[in-house]
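> One structure, as structure tokens, below. Some questions next.
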Amino acid sequence: MIMLSTILLQAAASATSLAAFAKLGAALGAGIAAIGAGIGIGKIGGSAVEAIARQPESTNDIRTNMLIACVLVEGVALFAIIVAVLAIVM
Amino acid sequence: MKRSSMKIDFLYKGVKFLLLLLALVVEPAFASEAANKETAKEEKFNPGEFIFGHISDAYNWHVTKIGKTEISIPLLVIVKSQSDGWFVFSSAKLHQGIEASHHFEIAHDGAYKDKLVEIVDGRQVRPLDLSITKNVASLLISAILLLWIFLSMAKFYRRDPMKAPGGFQGAIEVLIVFMLDEVIKPGVGKGYAKYAPYLLTLFFFILINNMLGIVPLFPGGANLTGNIATTMVLAVLSLLIINVFANKEYWKEIFLVPTMPSWLRFPIPLMPFLELVSVFTKPLALCIRLFANMLAGHMIAMVFMAMIFIFGAISPLMGTGVSIFALFFAIFMNLLELLVVFLQAYVFTMLTSFFIGMAHPEPHEAHTQAAH
């Protein structure tokens, strides 16, 4: 961790323009957003499949609710992507 | 006799469906073929320009490139210069030199990159720009399509109210009844009839525009809902409809909740401020959710196709090898995009109807006092 920050500090000191660091930050942010979306949607999918296993008759209702929850979680991850794209472009 | 004709009917429908699906997936195949031809020429492939060129707005509608000639439809440019008044001309003139285009040009760099600017005293000045760009033309096309579909449906019902619709009209009726029964009635509650026209229009507008965005050929492919201006207008409309027609009880619950401890209201009104912020962030989330989903879906499809070109630039063999995987990925992403298209339209309408329902709460005091 300390070595990483030392390397970053050296690179920043000898850099002519700091645009590259914006791109680094943006890429890291997008990756973390993908992790968040993956965990969230994975949990939703897992509990939906469990619920279907318990009561197969209500598959349609469960599937509808699962898709709605997935869209909302995906929306949050895409907010982070928009911020990352703004960091690269601006 | 009837059985076999039904089977042939089904076969025709299946073939039509397959042709439609094929139209959706055929573009990546052309991309892989074009990439292997491109490596023979010396043009350097710029992936950023390729991707953003397809996603962002433009002053002409680039349809395709056959061989070496580009085929694009020039659209109308309508600008009001700051000094000389209104100019209306075809955007083909923008590429014919600065004199032909009345001193307007598309800026290549600077603050107004890729926008129409006027050169005044050597500086770039942005005029009042009401041009028909690609997105505006797509909006007009989808508006005409929507009007055509729904006016013909209304005529069908007016002509014979008791007849059951079939075919395309039946499909639209299924969608309308689904939205009405599952989303609008439970979401808005009583008085849903007042808001149902707006909510149904919203749903079909977003659906048709999203779907036109993923069709690669003209008149589709303009990515209107991936433009934050469009989604912001939709969100502002929802904001107005939710708040302007809200109950007095709704505003009381935001600013003067009776059960709130008084230190949160005086001297610094923290909770009312937070509630007011949430009034604005809910439509803002709607706007960004739709915009980001459509933009991300398009970018992913474009990135997979660009990968074919990037690897093709290294060597033709790698290009061919990658193009098979990229083809399958692009097809898969396009089909996923189709699901996302439906879901985003559904979620926008569902959340708007829930917010409208929440803006008309029942008063609580009357009940509790009556109970005592």
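Letters for chains follow the order of the structure tokens (A, B, ...), residue numbers begin at 1 for each chain, and ligand numbers begin at 1 in the order shown.
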Give the residues of chain B that lie within 10 Å of chain A; count only C-alpha atoms, and format the answer as a list of chain:residue names.
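Result, ordered by chain then number: B:Ala285, B:Leu286, B:Ile288, B:Arg289, B:Leu290, B:Phe291, B:Ala292, B:Asn293, B:Leu295, B:Ala296, B:Val340, B:Leu343, B:Gln344, B:Tyr346, B:Val347, B:Met350.
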> Would you put the residues from that selection into a file with N, CA and C atoms, as a short mmCIF file (atom, residue, chain, number, x, y, z; two decimals), in the first residue's frame?

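Once everything was written out, this is part.cif:
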data_model
loop_
_atom_site.label_atom_id
_atom_site.label_comp_id
_atom_site.auth_asym_id
_atom_site.auth_seq_id
_atom_site.Cartn_x
_atom_site.Cartn_y
_atom_site.Cartn_z
N ALA B 285 -33.00 10.89 -10.86
CA ALA B 285 -32.58 9.49 -10.97
C ALA B 285 -33.23 8.83 -12.17
N LEU B 286 -34.52 9.14 -12.42
CA LEU B 286 -35.20 8.59 -13.59
C LEU B 286 -34.45 8.97 -14.86
N ILE B 288 -31.26 10.01 -15.31
CA ILE B 288 -29.94 9.43 -15.49
C ILE B 288 -30.03 7.94 -15.72
N ARG B 289 -30.99 7.26 -15.08
CA ARG B 289 -31.09 5.81 -15.27
C ARG B 289 -31.35 5.48 -16.73
N LEU B 290 -32.35 6.15 -17.34
CA LEU B 290 -32.67 5.86 -18.73
C LEU B 290 -31.51 6.21 -19.64
N PHE B 291 -30.93 7.42 -19.43
CA PHE B 291 -29.85 7.88 -20.28
C PHE B 291 -28.66 6.93 -20.20
N ALA B 292 -28.25 6.58 -18.98
CA ALA B 292 -27.05 5.76 -18.82
C ALA B 292 -27.26 4.35 -19.37
N ASN B 293 -28.46 3.78 -19.15
CA ASN B 293 -28.69 2.43 -19.66
C ASN B 293 -28.62 2.41 -21.18
N LEU B 295 -27.18 4.62 -23.23
CA LEU B 295 -25.84 4.96 -23.71
C LEU B 295 -24.88 3.79 -23.51
N ALA B 296 -24.95 3.16 -22.33
CA ALA B 296 -24.04 2.05 -22.05
C ALA B 296 -24.30 0.89 -22.99
N VAL B 340 -33.27 -4.89 -22.12
CA VAL B 340 -33.08 -3.64 -21.38
C VAL B 340 -34.02 -2.57 -21.89
N LEU B 343 -37.36 -3.15 -20.32
CA LEU B 343 -37.32 -2.92 -18.88
C LEU B 343 -37.22 -1.45 -18.55
N GLN B 344 -36.40 -0.70 -19.31
CA GLN B 344 -36.23 0.70 -18.98
C GLN B 344 -37.51 1.48 -19.19
N TYR B 346 -40.51 0.23 -19.00
CA TYR B 346 -41.42 -0.22 -17.94
C TYR B 346 -41.09 0.45 -16.61
N VAL B 347 -39.77 0.51 -16.28
CA VAL B 347 -39.40 1.04 -14.97
C VAL B 347 -39.65 2.54 -14.90
N MET B 350 -43.32 2.87 -14.39
CA MET B 350 -43.75 2.38 -13.09
C MET B 350 -43.37 3.35 -11.99
#
> Just want the 10 Å neighbourhood of Tyr198 in chain B, counted on only C-alpha atoms, with same-chain residues fewer than 5 positions away dropped. Output as a list of chain:residue names.
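The residues satisfying every condition are B:Ala193, B:Phe203, B:Leu237, B:Ser238, B:Ile241, B:Thr349, B:Ser353.
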> Once DSSP has gone over the backbone, tell me which residues of range 70-227 of chain B are in alpha helix (DSSP H), as a VMD selection string.
chain B and resid 134 to 159 167 to 178 185 to 188 192 to 214
> What's around Ile78 in chain B at 7 Å? Count only C-alpha atoms, leave out sequence neighbours fewer than 3 positions away in its own chain, and write the answer as a tab-separated table (two decimals) with C-alpha atoms, in the first residue's frame.

chain	number	residue	atom	x	y	z
B	87	PHE	CA	-29.96	31.16	-42.06
B	88	VAL	CA	-31.56	27.95	-43.31
B	89	PHE	CA	-29.44	25.69	-45.48
B	129	ASP	CA	-28.89	26.68	-33.14
B	130	LEU	CA	-32.28	25.18	-33.96
B	131	SER	CA	-31.01	22.75	-36.59
> What gap, in Å, lies between CA of Asn60 in chain B and CA of Val136 in chain B?
11.0 Å
> So what do you get for CA of Thr352 in chain B versus CA of Ala246 in chain B, distance-wise?
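It comes out at 13.2 Å.
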> Between CA of Phe104 in chain B and CA of Ile119 in chain B, what is the spacing in Å?
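Going from CA of Ile119 in chain B over to CA of Phe104 in chain B, I get 6.7 Å.
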> Leaving out Gly53 in chain B and any residue of its chain fewer than 3 positions from it, which residues lie within 12 Å of it when counting only C-alpha atoms, given as an MDAnalysis selection string?
chainID B and resid 46:50 56:62 114 134 221:223 298:299 302 306
> Within range 124-192 of chain B, find each residue whose DSSP state, derived from the backbone, is strand (DSSP E or B), and express the selection as an MDAnalysis selection string.
chainID B and resid 124:125 128:129
> Using only C-alpha atoms, which residue out of A:Val73, A:Ala11, A:Met1, A:Ala22 lies closest to Ala34 in chain A?
A:Val73
